[in-house]
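Participant: Please find one structure pasted underneath; my questions will follow.
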Amino acid sequence: VVADIRRHRKWYGVDGVFLDQAAAQAALVPRYRRLAVAARVLGAHRTVLNPGTYPDPAYAEIADLLVTFEGDWATYQRAEVPAWAHPPRAEET
């Protein structure tokens with residue numbers, strides 16, 4: 001993965017990474033943290049992780065953006081959002 005990041009930075013001059021099919025389990029947080037650090041060291045300013053579902057909350061500290069849903073609109077409307085994923089209310093900030 002790091003070699004791909006390096007190659008895409010060199011070939012295309014991208015300034016971020018999109019890691020598709022990312023894991024969501026807590027056990028793999030250290031792996032994704034290492035990948036995000038490596039990407040930043042290589043010059044990627046943004047890291048997007050796409051687990052396609054709500055991952056362990058620790059992933060929110062790693063990525064600049066999490067893609068947490070893949071599906072149709074009707075399913076999205078019924079999706080439940082975990083409490084950790086809600087933005088703080090104005091009175092909480």
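Ordering of the structure tokens sets the chain letters (A, B, ...); residue numbers start at 1 within each chain; ligands are numbered from 1 in the order shown.
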Using only C-alpha atoms, which protein or nucleic acid residues come within 9 Å of range 78-86 of chain A? Drop anything in the same chain fewer than 6 positions from it, and give the result as a PyMOL selection string.
Facilitator: chain A and resi 54+57+60+69
Participant: So which residues of range 14-85 of chain A fall under helix (DSSP H, G or I) by DSSP, listed as a VMD selection string?
Facilitator: chain A and resid 26 to 41 57 to 61 73 to 78 83 to 85
Participant: Have a look at CA of Gln25 in chain A and CA of Asp56 in chain A and let me know their distance in Å, one decimal.
Facilitator: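 These two atoms are separated by 5.9 Å.
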Participant: Find the residues around Leu66 in chain A up to 8 Å (only C-alpha atoms counted), leave out those fewer than 6 positions away in its own chain, and share them as a list in words.
Facilitator: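 My list of contacting residues is Val48, Leu49, Asn50, Pro51, Tyr59 and Ala60 of chain A.
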Participant: Tell me which protein, DNA and RNA residues are within 12 Å of Arg40 in chain A, counting only C-alpha atoms, leaving out same-chain ones fewer than 3 positions away, and put them as a list in words.
Facilitator: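 Result of the neighbour search: Val2, Ile5, Arg6, Arg9, Val14, Asp15, Gly16, Val17, Arg33, Arg34, Leu35, Ala36, Val37, Gly43, Ala44, His45, Arg46, Thr47, Val48, Ile62, Ala63 and Asp64 of chain A.
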Participant: Would you give me, as an NGL selection string, the residues in range 1-56 of chain A that DSSP reads as strand (DSSP E)?
Facilitator: :A and (16-20 or 46-50)
Participant: I need the residues from that last selection saved to file as a PDB file, in the first residue's frame (with N, CA and C atoms), if you can.
Facilitator:
ATOM      1  N   GLY A  16      -3.552  13.440  -1.669  1.00  0.00           N
ATOM      2  CA  GLY A  16      -4.314  12.697  -0.687  1.00  0.00           C
ATOM      3  C   GLY A  16      -4.425  11.244  -1.094  1.00  0.00           C
ATOM      4  N   VAL A  17      -4.921  10.433  -0.163  1.00  0.00           N
ATOM      5  CA  VAL A  17      -5.119   9.012  -0.450  1.00  0.00           C
ATOM      6  C   VAL A  17      -6.544   8.608  -0.107  1.00  0.00           C
ATOM      7  N   PHE A  18      -7.061   7.664  -0.890  1.00  0.00           N
ATOM      8  CA  PHE A  18      -8.371   7.074  -0.663  1.00  0.00           C
ATOM      9  C   PHE A  18      -8.146   5.583  -0.506  1.00  0.00           C
ATOM     10  N   LEU A  19      -8.335   5.083   0.699  1.00  0.00           N
ATOM     11  CA  LEU A  19      -8.146   3.665   0.955  1.00  0.00           C
ATOM     12  C   LEU A  19      -9.509   2.987   0.954  1.00  0.00           C
ATOM     13  N   ASP A  20      -9.812   2.364  -0.173  1.00  0.00           N
ATOM     14  CA  ASP A  20     -11.101   1.701  -0.360  1.00  0.00           C
ATOM     15  C   ASP A  20     -11.092   0.356   0.349  1.00  0.00           C
ATOM     16  N   ARG A  46      -4.357  14.537   2.856  1.00  0.00           N
ATOM     17  CA  ARG A  46      -5.669  14.047   3.278  1.00  0.00           C
ATOM     18  C   ARG A  46      -5.712  12.530   3.169  1.00  0.00           C
ATOM     19  N   THR A  47      -6.342  11.918   4.160  1.00  0.00           N
ATOM     20  CA  THR A  47      -6.530  10.471   4.154  1.00  0.00           C
ATOM     21  C   THR A  47      -8.016  10.181   4.279  1.00  0.00           C
ATOM     22  N   VAL A  48      -8.539   9.457   3.304  1.00  0.00           N
ATOM     23  CA  VAL A  48      -9.939   9.042   3.309  1.00  0.00           C
ATOM     24  C   VAL A  48      -9.965   7.529   3.450  1.00  0.00           C
ATOM     25  N   LEU A  49     -10.717   7.048   4.420  1.00  0.00           N
ATOM     26  CA  LEU A  49     -10.900   5.611   4.603  1.00  0.00           C
ATOM     27  C   LEU A  49     -12.329   5.253   4.242  1.00  0.00           C
ATOM     28  N   ASN A  50     -12.507   4.162   3.509  1.00  0.00           N
ATOM     29  CA  ASN A  50     -13.830   3.726   3.104  1.00  0.00           C
ATOM     30  C   ASN A  50     -14.119   2.310   3.605  1.00  0.00           C
TER      31      ASN A  50
END
Participant: Between A:Thr53, A:Gly13, A:Asp4, A:Ala58, which residue has the minimum interatomic distance to Pro30 in chain A, considering only C-alpha atoms?
Facilitator: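 Of all the options, A:Ala58 lies closest to Pro30 in chain A.
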